[in-house]
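Okay, structure first, notes after.
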Amino acid sequence: MKNFFKFTNGAPLFPTNTTKKTHLLMVLSIIAFCLATAAAQGSKFFYCSHYTKLLVLACVFCGCIGVLVFFNATRRMDENHIVFLMILTGTFLRCSYVLLSGLYERQHDAGAFTGMGTDFVNPGHIGYIEYIYKFHRLPDLNPYQLFAYYHPPLHHILSYLWLQLNIWLGVAEELAFENLQILPLFYSCLCMAVTWKILKVLQIRGSGLYIGLGFVVFHPATIIMAGSVNNDMLTILFMCLIIYESLKWIRNKNLPGLIRLALYIGFGMVTKLNSAVLAIPLGTIFLMHFISVLRSGDRMAVLKWVRNYCIFAAVAAPIGLSWVARNLVRFGEKPGVPVPGETSPMYTAPYSLWSRLGIPALTDWNFPFPFHPVSAKACNNTWAIMFHTSLFAEEYPAGMPDILLVLCQVTFALAVVFGIAAAVLFVAVLLNKKTEREDRVFLLTGYAVTLVSFAAFVLIYPYTCSSDFRYVAICLIYMAIGIGLGNKHYFSQLMMHETNWLDRIRAAGMHIINGGIVTILVFVNLIYVFWGRW
């Protein structure tokens, strides 16, 4: 691993080594991959058998890995090149997943469409998009009367525009709806690039950068959400951008950065309201900064930052609260989520608070068959369900081959152990004085608020589906940061020359976590390759 990620100043693989040009080339490559996937959806390839598709994509994937190994062996790659190829590999995996899975596979609250030729109003996210497509307006009915319509509309409006573009280009209606997966695919690919930028802002390099980024690139949750037609992936993208722009603002503290933050928070909230949780750690940083300005005694600086924060509020609030205000004015509806009712098998309220949010019992983990059983009687512990769905979504496969089931069992056990280890590592490296104070406050507060709001959501809406990992998928970014900072702090050049036993233990622990993370990612991707459920 260490030798593979070693790079030298050999001949360049690309025309330039500058990060800015690498970013541009990366975005253009992502767009090209996504458009190629949309085109492949309408080709004969889409109608091939599953295993024919898998064979073709596997050959292409092996060819890409071969190119990577060749250029690394000939010492033609630097850090930017390795990251570029990692993200392109992740893009290829996401494109492959979209090509291998249909519009209704592994979806959440998807609903259905019936086409322009009918006047049916269908539920679910697909129905929501179809409503805008049919009537060219936002739904004029109470959004709590039809399932999924309570969601803010930004993702659905963008999906409608993409749908219209497909129709205008002559794409058949059924295929145009199938192509709704392309936008979340694009968002998921951009998340990888933003994660890279986050790690770069924190000055994480080398193995910390590669393994931290690889954790997001190859994690199955981000790959599955790339094929989802709901608003989860766009929400995660905005939350990634908020984290990135916040870390930049901590270093620059300028008005343009403040306005970008206001836009990301505002548009995040009109995608899904839970993106507003990151306003709490950001507000904490604003308060810390403003107190330091007050203490400076500079009256002009105080007035300047009062003005700047007012501009922030004037941009973020109208955008972010527009959907809430609309529903309050037109329908008298407060923000909330329609629920299935107490008769649902997913209903968890009858179980104790400890059973739902305490340390899971051994039986809750269900290691012999590590999949989410949906029924609250089988498992109602939030943290166990979160781990189940982080790897295998809300799947409960029957007839899985024994060898694949064993691999699932091993991978799930490793994921639980190293998931907890990564969370402990994240807290440890942020309490480390080598991490900047404002970074520590922002990241620790953000992580804590995300988990607390998740627990509150599960209590307010007591159903097993509320414990799905997709509601806290942004934690993958925090874990990537923890892995990156752990490698940065514990494998620094200074540490290499120290003989302190505690430093050696930390470095050894970091080696174990790195190896565990890589093993889990390899195993879980192998599982999905050979899992016949697409």
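In the structure tokens, the first chain shown is A, the next is B, and so on; residue numbers restart at 1 for each chain, and ligands run from 1 in the order shown.
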
Q.
Which residues are near segment 234-239 of chain A? Cut-off 8 Å, only C-alpha atoms, ignore same chain within fewer than 3 positions. Put them as a list of chain:residue names.
A. A:His155, A:Pro184, A:Tyr187, A:Ser188, A:Leu190, A:Cys191, A:Asn231, A:Ile242, A:Ile243, A:Tyr264, A:Ile265, A:Phe267, A:Gly268, A:Thr271, A:Lys272, A:Ser275, A:Leu278, A:Ala473, A:Ile474

Q: Enumerate as an NGL selection string all residues of segment 157-372 of chain A assigned to alpha helix (DSSP H) by DSSP on the backbone, naming them with the chain letters and numbers the document uses.
A: :A and (157-168 or 173-178 or 182-201 or 206-217 or 220-225 or 232-252 or 255-269 or 279-296 or 299-320 or 322-331 or 353-357 or 362-365)

**Q.** Within 7 Å of segment 372-378 of chain A using only C-alpha atoms, minus same-chain residues under 6 positions, as a list in words
**A.** Pro345, Met346, Tyr347, Thr348, Ile385, His388, Thr389, Glu394, Glu395, Tyr396 and Thr464 of chain A

Q | Best match for closeness to Val171 of chain A among A:Thr52, A:Ser43, A:Asn381, A:Gln409, counting only C-alpha atoms | A | A:Ser43

Residues within 12 Å of Leu303 of chain A, only C-alpha atoms, excluding chain neighbours under 5 positions, as a compact mmCIF listing (two decimals) with N, CA, C and O atoms, in the first residue's frame:
```
# COMPACT_ATOMS: atom_id res chain seq x y z
N PHE A 290 -17.34 36.69 15.83
CA PHE A 290 -17.90 38.00 16.16
C PHE A 290 -17.47 38.44 17.55
O PHE A 290 -17.21 39.63 17.78
N VAL A 293 -14.13 39.90 17.23
CA VAL A 293 -14.22 41.24 16.64
C VAL A 293 -14.62 42.25 17.71
O VAL A 293 -14.06 43.36 17.79
N LEU A 294 -15.60 41.90 18.55
CA LEU A 294 -16.03 42.80 19.63
C LEU A 294 -14.89 43.08 20.59
O LEU A 294 -14.70 44.22 21.04
N GLY A 297 -12.25 45.85 19.87
CA GLY A 297 -12.56 47.26 20.13
C GLY A 297 -12.61 48.12 18.88
O GLY A 297 -12.77 49.34 18.98
N ASP A 298 -12.50 47.50 17.70
CA ASP A 298 -12.53 48.23 16.44
C ASP A 298 -13.99 48.42 16.01
O ASP A 298 -14.65 47.48 15.54
N ASN A 308 -22.11 42.25 7.25
CA ASN A 308 -21.86 41.00 6.53
C ASN A 308 -22.80 39.88 6.97
O ASN A 308 -23.33 39.13 6.13
N TYR A 309 -23.01 39.76 8.28
CA TYR A 309 -23.90 38.72 8.77
C TYR A 309 -25.36 39.00 8.41
O TYR A 309 -26.14 38.06 8.20
N CYS A 310 -25.72 40.26 8.33
CA CYS A 310 -27.07 40.62 7.87
C CYS A 310 -27.26 40.24 6.40
O CYS A 310 -28.32 39.75 6.00
```

Q: Would you mind listing what lies within 8 Å of Leu476 of chain A as number ranges by chain, with only C-alpha atoms counted and same-chain residues fewer than 4 positions away left out?
A: A: 215-216, 480

Q.
Applying 12 Å and only C-alpha atoms, which residues near Met86 of chain A remain after dropping the ones on its own chain fewer than 3 positions away? List them as a ChimeraX atom specification.
A. /A:5,26,61,64-65,67-69,79-83,89-93,189,192-193,196,209-218

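Of note, atom CA of Leu169 of chain A and atom CA of Ala110 of chain A are spaced 24.9 Å apart.
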
Q. Which residue gives the smallest distance to Val406 of chain A among A:Ile204, A:Val60, A:Ala36, A:Val524, with only C-alpha atoms counted?
A.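 For Val406 of chain A, the nearest of the candidates is A:Val524.
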
Give me the segment 287-380 of chain A side of the contact with segment 432-451 of chain A, cut-off 12 Å, one line per residue showing its nearest atom pair and distance in Å at one decimal, counting only C-alpha atoms, sorted by chain and residue number, as a Markdown table.
```
| residue | atom | partner | partner_atom | distance |
| --- | --- | --- | --- | --- |
| A:Leu287 | CA | A:Glu438 | CA | 11.1 |
| A:Met288 | CA | A:Glu438 | CA | 8.4 |
| A:His289 | CA | A:Glu438 | CA | 9.2 |
| A:Leu357 | CA | A:Leu451 | CA | 11.2 |
```

Q.
From the options A:Asn142, A:Gln164, A:Asn514, A:Asn487, which residue's atoms come nearest to Gly206 of chain A, counting only C-alpha atoms?
A. A:Asn487

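In this structure, atom CA of Leu138 of chain A sits 14.6 Å away from atom CA of Ala325 of chain A.
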
Q. Could you pull the residues within 10 Å of Gly341 of chain A, counting only C-alpha atoms, minus those fewer than 6 positions along the same chain, as number ranges by chain?
A. A: 347, 461-463

Would you write out those residues with N, CA, C and O atoms, as an mmCIF file, in the first residue's frame?
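In the end it all went to selection11.cif:
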```cif
data_model
loop_
_atom_site.group_PDB
_atom_site.id
_atom_site.type_symbol
_atom_site.label_atom_id
_atom_site.label_comp_id
_atom_site.auth_asym_id
_atom_site.auth_seq_id
_atom_site.Cartn_x
_atom_site.Cartn_y
_atom_site.Cartn_z
ATOM 1 N N TYR A 347 -43.270 0.254 13.064
ATOM 2 C CA TYR A 347 -43.539 1.153 14.196
ATOM 3 C C TYR A 347 -42.737 0.728 15.424
ATOM 4 O O TYR A 347 -42.832 -0.408 15.882
ATOM 5 N N TYR A 461 -40.345 10.391 14.712
ATOM 6 C CA TYR A 461 -40.963 9.518 13.707
ATOM 7 C C TYR A 461 -40.495 8.087 13.972
ATOM 8 O O TYR A 461 -39.539 7.608 13.355
ATOM 9 N N PRO A 462 -41.173 7.397 14.912
ATOM 10 C CA PRO A 462 -40.675 6.096 15.413
ATOM 11 C C PRO A 462 -40.965 4.921 14.489
ATOM 12 O O PRO A 462 -41.858 4.115 14.734
ATOM 13 N N TYR A 463 -40.161 4.830 13.446
ATOM 14 C CA TYR A 463 -40.278 3.734 12.480
ATOM 15 C C TYR A 463 -38.872 3.252 12.131
ATOM 16 O O TYR A 463 -37.921 4.048 12.152
#
```

Q. Suppose you want the space between atom CA of Thr22 of chain A and atom CA of Leu485 of chain A; what is it in Å?
A.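 Those two atoms sit 23.2 Å apart.
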
Q: Counting only C-alpha atoms, figure out which residue out of A:Gly336, A:Pro318, A:Gly227, A:Gly63 gets nearest to Asn274 of chain A.
A: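 Comparing A:Gly336, A:Pro318, A:Gly227, A:Gly63 against Asn274 of chain A, the winner is A:Gly336.
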
(Q) Ranking A:Cys379, A:Leu99, A:Arg205, A:Asn230 by minimum distance to Ile157 of chain A and counting only C-alpha atoms, which one comes first? (A) A:Asn230
